[in-house]
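Next comes data_18.txt, a file with compact mmCIF, C-alpha atoms and all ligand atoms.
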```
# COMPACT_ATOMS: atom_id res chain seq x y z
CA MET A 127 69.80 89.99 86.56
CA GLN A 128 73.54 89.66 86.87
CA THR A 129 75.24 92.28 89.04
CA ARG A 130 77.14 94.96 87.21
CA ARG A 131 80.89 94.98 87.68
CA VAL A 132 83.30 97.86 87.16
CA THR A 133 85.80 95.37 85.76
CA ASP A 134 83.35 94.64 82.92
CA VAL A 135 82.74 98.35 82.30
CA ILE A 136 86.51 98.75 81.91
CA ARG A 137 86.76 95.71 79.59
CA LEU A 138 83.98 97.09 77.38
CA ASP A 139 85.91 100.35 77.00
CA HIS A 140 88.99 98.33 76.05
CA ILE A 141 87.04 96.50 73.33
CA TRP A 142 85.82 99.85 71.99
CA PHE A 143 89.40 101.21 71.95
CA ARG A 144 90.60 98.21 69.91
CA HIS A 145 87.77 98.76 67.40
CA GLN A 146 88.42 102.48 67.11
CA PHE A 147 92.14 102.06 66.42
CA ALA A 148 91.20 99.56 63.69
CA ALA A 149 88.68 102.09 62.33
CA LEU A 150 91.39 104.77 62.17
CA GLU A 151 93.58 102.45 60.15
CA ALA A 152 90.65 101.73 57.81
CA ALA A 153 90.00 105.48 57.33
CA ARG A 154 93.64 106.13 56.45
CA ASP A 155 92.95 108.31 53.39
CA ASP A 156 89.96 110.26 54.73
CA VAL A 157 91.13 113.24 56.81
CA GLU A 158 87.62 114.22 57.82
CA ALA A 159 86.86 110.73 59.13
CA LEU A 160 90.28 110.52 60.80
CA THR A 161 89.62 113.85 62.54
CA SER A 162 86.31 112.82 64.03
CA LEU A 163 87.51 109.32 64.95
CA TRP A 164 90.65 110.64 66.63
CA THR A 165 88.81 113.43 68.48
CA ALA A 166 86.44 110.90 70.03
CA LEU A 167 89.07 108.22 70.65
CA SER A 168 91.73 110.44 72.20
CA ALA A 169 89.16 112.11 74.49
CA ARG A 170 87.80 108.75 75.61
CA LEU A 171 91.31 107.44 76.32
CA GLU A 172 91.89 110.47 78.58
CA VAL A 173 88.55 110.07 80.36
CA HIS A 174 89.02 106.31 80.80
CA ALA A 175 92.47 106.80 82.37
CA ALA A 176 91.12 109.57 84.62
CA ALA A 177 88.18 107.40 85.70
CA GLU A 178 90.54 104.54 86.55
CA GLU A 179 92.84 106.88 88.48
CA THR A 180 89.96 108.56 90.32
CA LEU A 181 87.81 105.52 91.07
CA PHE A 182 89.35 102.14 90.26
CA TYR A 183 93.00 102.18 91.34
CA PRO A 184 92.39 103.85 94.73
CA ARG A 185 89.90 101.10 95.55
CA LEU A 186 92.22 98.36 94.27
CA LEU A 187 95.02 99.75 96.46
CA HIS A 188 92.66 99.74 99.42
CA ASP A 189 91.38 96.19 98.87
CA ASP A 190 94.58 94.46 97.76
CA ALA A 191 97.77 95.07 99.76
CA ASP A 192 99.89 93.71 96.87
CA ALA A 193 98.55 96.08 94.20
CA ALA A 194 101.12 98.90 94.58
CA ASP A 195 103.52 97.71 91.86
CA ASP A 196 100.76 96.99 89.33
CA THR A 197 99.26 100.39 90.08
CA LYS A 198 102.58 102.18 89.52
CA ASP A 199 102.91 100.34 86.20
CA ALA A 200 99.41 101.43 85.22
CA ILE A 201 100.11 105.11 85.97
CA LYS A 202 103.35 104.91 83.96
CA ASP A 203 101.40 103.39 81.06
CA HIS A 204 98.70 106.08 81.29
CA ASN A 205 101.47 108.68 81.06
CA GLU A 206 102.80 106.99 77.88
CA ILE A 207 99.31 107.04 76.38
CA ARG A 208 98.99 110.76 77.23
CA ASP A 209 102.43 111.40 75.70
CA GLY A 210 101.31 109.67 72.49
CA ILE A 211 98.13 111.75 72.28
CA ARG A 212 100.07 114.99 72.82
CA ALA A 213 102.63 113.94 70.17
CA ALA A 214 99.87 113.34 67.61
CA ASP A 215 98.02 116.54 68.49
CA ARG A 216 101.06 118.68 67.68
CA HIS A 217 100.59 117.86 63.97
CA PRO A 218 97.88 118.09 61.31
CA VAL A 219 95.63 115.02 61.21
CA GLY A 220 96.76 112.55 58.56
CA ASP A 221 100.40 113.74 58.32
CA SER A 222 103.01 111.02 58.75
CA VAL A 223 104.21 112.60 62.03
CA TRP A 224 100.61 112.61 63.27
CA TRP A 225 100.45 108.88 62.49
CA ASP A 226 103.69 108.40 64.46
CA GLY A 227 101.91 109.82 67.51
CA VAL A 228 98.79 107.74 66.88
CA ILE A 229 100.86 104.56 66.51
CA ALA A 230 102.78 105.35 69.71
CA THR A 231 99.43 105.83 71.48
CA GLU A 232 98.07 102.58 70.04
CA ARG A 233 101.13 100.57 71.10
CA ALA A 234 101.20 102.02 74.61
CA ASN A 235 97.47 101.51 75.02
CA SER A 236 97.41 98.01 73.59
CA ASP A 237 100.20 96.78 75.88
CA HIS A 238 98.58 98.53 78.82
CA MET A 239 95.11 97.05 78.26
CA ASP A 240 96.59 93.55 78.01
CA GLU A 241 98.43 94.06 81.30
CA GLU A 242 95.40 95.58 83.01
CA GLU A 243 93.25 92.64 81.88
CA ARG A 244 95.79 90.07 83.10
CA GLY A 245 96.54 91.79 86.44
CA PRO A 246 94.52 94.55 88.13
CA LEU A 247 91.09 93.58 86.79
CA ILE A 248 91.50 90.00 88.00
CA GLU A 249 92.97 91.18 91.32
CA PHE A 250 89.95 93.41 91.88
CA GLU A 251 87.55 90.61 91.00
CA ASN A 252 89.28 88.47 93.62
CA SER A 253 89.25 91.13 96.35
CA ALA A 254 86.12 93.30 95.91
CA SER A 255 82.62 92.43 97.05
CA SER A 256 79.81 92.32 94.50
CA ASP A 257 78.30 95.43 96.10
CA GLU A 258 81.56 97.30 95.65
CA GLN A 259 81.83 96.12 92.03
CA ALA A 260 78.28 97.34 91.33
CA GLU A 261 78.73 100.67 93.12
CA LEU A 262 81.95 101.37 91.22
CA ALA A 263 80.41 100.28 87.90
CA THR A 264 77.78 103.00 88.28
CA ALA A 265 80.31 105.60 89.45
CA PHE A 266 82.69 104.79 86.58
CA ALA A 267 79.99 105.03 83.92
CA SER A 268 78.69 108.30 85.43
CA PHE A 269 82.21 109.75 85.52
CA GLU A 270 82.64 108.98 81.81
CA VAL A 271 79.32 110.63 80.92
CA GLU A 272 80.00 113.67 83.09
CA HIS A 273 83.48 114.18 81.63
CA ALA A 274 82.74 113.09 78.05
CA GLY A 275 85.03 114.86 75.61
CA ALA A 276 87.63 115.05 78.41
CA ARG A 277 85.89 118.10 79.88
CA ASP A 278 87.14 119.33 83.27
CA ILE A 279 89.71 116.62 83.81
CA SER A 280 93.46 116.92 84.13
CA THR A 281 95.36 115.33 81.25
CA ALA A 282 98.74 116.03 82.87
CA ASN A 283 101.10 113.13 83.58
CA LYS A 284 101.17 111.84 87.14
CA ASN A 285 104.09 110.68 89.24
CA PRO A 286 103.48 106.94 89.81
CA ASP A 287 105.20 106.79 93.22
CA ALA A 288 103.41 109.88 94.52
CA TYR A 289 100.10 108.55 93.20
CA VAL A 290 100.44 105.32 95.16
CA VAL A 291 101.45 107.17 98.34
CA ASP A 292 98.52 109.61 97.98
CA ASN A 293 95.97 106.87 97.33
CA ALA A 294 97.20 104.10 99.64
FE FE B 301 91.78 100.55 81.18
FE FE B 302 94.38 101.92 82.50
```

Could you write out this file's structure as structure tokens?
Amino acid sequence: MQTRRVTDVIRLDHIWFRHQFAALEAARDDVEALTSLWTALSARLEVHAAAEETLFYPRLLHDDADAADDTKDAIKDHNEIRDGIRAADRHPVGDSVWWDGVIATERANSDHMDEEERGPLIEFENSASSDEQAELATAFASFEVEHAGARDISTANKNPDAYVVDNA
């Protein structure tokens, strides 16, 4: 059996995010469907970012001395995604201003996933051992189950510079 890798767990989440944003677009006129899709999607975006910040980026910083700039970019992007979610959640689901927030979230997330897939995921694959990949894959998946629905996690923005200093 092939060893599990945290980088693949992250990529699978990214694929799900792309599908769910497409599903939102397809449910455009159905407020009930939009509500349940957005509730699940926005919570998972928060939990995914928190899992990366708790488990993945600290380990990348440890393993790869050149990862500081990419990590700062990732934290900035996570903040933009959080801003988008908060902007949407200030308005009734389906309103045009709610869509503005959803679209801002989608754009920030889409750009961020592309960057993460081109940079940090590859860097980690080049620097981590297969044991570390497997250990983190399990920890990442467990974190997402434990905090499903964004329970008990902070959704506050983080200072990218302070984050790198604290986790270096
Ligand atoms: Fe990600
Ligand atoms: Fe991320």

Determine the nearest neighbour of Asp156 of chain A from the options A:Glu251, A:Asp221, A:Asp237, A:Asp257, counting only C-alpha atoms.
->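 Counting only C-alpha atoms, the residue closest to Asp156 of chain A is A:Asp221.
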
So which one's closest to Arg216 of chain A, A:Ala193, A:Ala234, A:Ala294, A:Val228? Using only C-alpha atoms, please.
->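 Among A:Ala193, A:Ala234, A:Ala294, A:Val228, it is A:Val228 that comes nearest to Arg216 of chain A.
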
Closest to Arg137 of chain A among A:Ala159, A:Val271, A:Ala263, A:Ala288, using all atoms listed in the file?
-> A:Ala263

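Using all atoms listed in the file, we find that the residues with an atom at most 8 Å from any atom of ligand FE 302 (chain B) are His174, Ala175, Glu178, Glu179, Ala200, Ile201, Asp203, His204, His238, Met239 and Glu242 of chain A.
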
Generate the output file for the selected residues, C-alpha atoms, as a PDB file, in the frame of the given file.
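Once everything was written out, this is again.pdb:
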```pdb
ATOM      1  CA  HIS A 174      89.020 106.310  80.800  1.00  0.00           C
ATOM      2  CA  ALA A 175      92.470 106.800  82.370  1.00  0.00           C
ATOM      3  CA  GLU A 178      90.540 104.540  86.550  1.00  0.00           C
ATOM      4  CA  GLU A 179      92.840 106.880  88.480  1.00  0.00           C
ATOM      5  CA  ALA A 200      99.410 101.430  85.220  1.00  0.00           C
ATOM      6  CA  ILE A 201     100.110 105.110  85.970  1.00  0.00           C
ATOM      7  CA  ASP A 203     101.400 103.390  81.060  1.00  0.00           C
ATOM      8  CA  HIS A 204      98.700 106.080  81.290  1.00  0.00           C
ATOM      9  CA  HIS A 238      98.580  98.530  78.820  1.00  0.00           C
ATOM     10  CA  MET A 239      95.110  97.050  78.260  1.00  0.00           C
ATOM     11  CA  GLU A 242      95.400  95.580  83.010  1.00  0.00           C
TER      12      GLU A 242
END
```

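In terms of minimum interatomic distance to Thr197 of chain A, A:Glu249 ranks closest within A:Asp215, A:Asp134, A:Glu249, A:Asp226, counting all atoms listed in the file.
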
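Considering only C-alpha atoms and all ligand atoms, the residue among A:Ala213, A:Val135, A:Ala274, A:Ala169 positioned nearest to ligand FE 301 (chain B) is A:Val135.
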
Shortest interatomic distance to ligand FE 301 (chain B) - which of A:Ser253, A:Ser236, A:Gln259, A:Ser168, counting all atoms listed in the file =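 Among A:Ser253, A:Ser236, A:Gln259, A:Ser168, it is A:Ser236 that comes nearest to ligand FE 301 (chain B).
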
Mind giving me the straight-line distance from atom CA of Glu243 of chain A to atom CA of Val132 of chain A in Å, one decimal?
->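 Separation of atom CA of Glu243 of chain A and atom CA of Val132 of chain A: 12.4 Å.
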
Polymer residues at most 10 Å from Glu261 of chain A, all atoms listed in the file, same-chain spacing of 6 or more positions, as a list of chain:residue names =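 What passes the distance filter is A:Thr129, A:Arg130, A:Arg131, A:Val132, A:Ser255.
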
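Put simply, atom CA of Asn205 of chain A is 8.0 Å away from atom CA of Ala282 of chain A.
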
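Surrounding segment 217-219 of chain A within 9 Å are Val157, Glu158, Leu160, Thr161, Trp164, Trp224, Trp225 and Gly227 of chain A, with only C-alpha atoms counted and residues fewer than 5 positions along the same chain left out.
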
Who sits within 7 Å of Val173 of chain A, all atoms listed in the file, same chain under 3 positions skipped, as a PyMOL selection string = chain A and resi 169-170+176-177+270+273-274+276

Interatomic distance, atom CA of Lys202 of chain A to atom CA of Pro286 of chain A (Å, one decimal) |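 So the two atoms, atom CA of Lys202 of chain A and atom CA of Pro286 of chain A, lie 6.2 Å apart.
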
Exercise: Leu163 of chain A partners within 10 Å, only C-alpha atoms, chain neighbours under 6 positions left out, as JSON, numbers by chain = {"A": [146, 147, 149, 150, 153, 157]}

Expected axis-aligned box over every listed atom of segment 284-293 of chain A, 6 Å added per side, centre plus edges in Å to one decimal, as AutoDock Vina command-line options:
```
--center_x 100.6 --center_y 108.6 --center_z 92.7 --size_x 21.2 --size_y 18.5 --size_z 23.2
```

For Val290 of chain A, please output as a PyMOL selection string all residues within 9 Å (counting only C-alpha atoms; exclusion window: fewer than 4 positions along the same chain).
-> chain A and resi 183-184+187+194-195+197-198+285-286+294

Using only C-alpha atoms, please write the residues we just selected to a file, as a PDB file, in the coordinates of the input.
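Heads up, here's the output in out_23.pdb:
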```pdb
ATOM      1  CA  TYR A 183      93.000 102.180  91.340  1.00  0.00           C
ATOM      2  CA  PRO A 184      92.390 103.850  94.730  1.00  0.00           C
ATOM      3  CA  LEU A 187      95.020  99.750  96.460  1.00  0.00           C
ATOM      4  CA  ALA A 194     101.120  98.900  94.580  1.00  0.00           C
ATOM      5  CA  ASP A 195     103.520  97.710  91.860  1.00  0.00           C
ATOM      6  CA  THR A 197      99.260 100.390  90.080  1.00  0.00           C
ATOM      7  CA  LYS A 198     102.580 102.180  89.520  1.00  0.00           C
ATOM      8  CA  ASN A 285     104.090 110.680  89.240  1.00  0.00           C
ATOM      9  CA  PRO A 286     103.480 106.940  89.810  1.00  0.00           C
ATOM     10  CA  ALA A 294      97.200 104.100  99.640  1.00  0.00           C
TER      11      ALA A 294
END
```

Can you tell me, as JSON, numbers by chain, which residues sit within 10 Å of (91.6, 100.3, 72.0) in the file's frame, using all atoms listed in the file?
-> {"A": [138, 139, 140, 141, 142, 143, 144, 145, 146, 147, 148, 167, 170, 171, 231, 232, 233, 235, 236, 238, 239]}
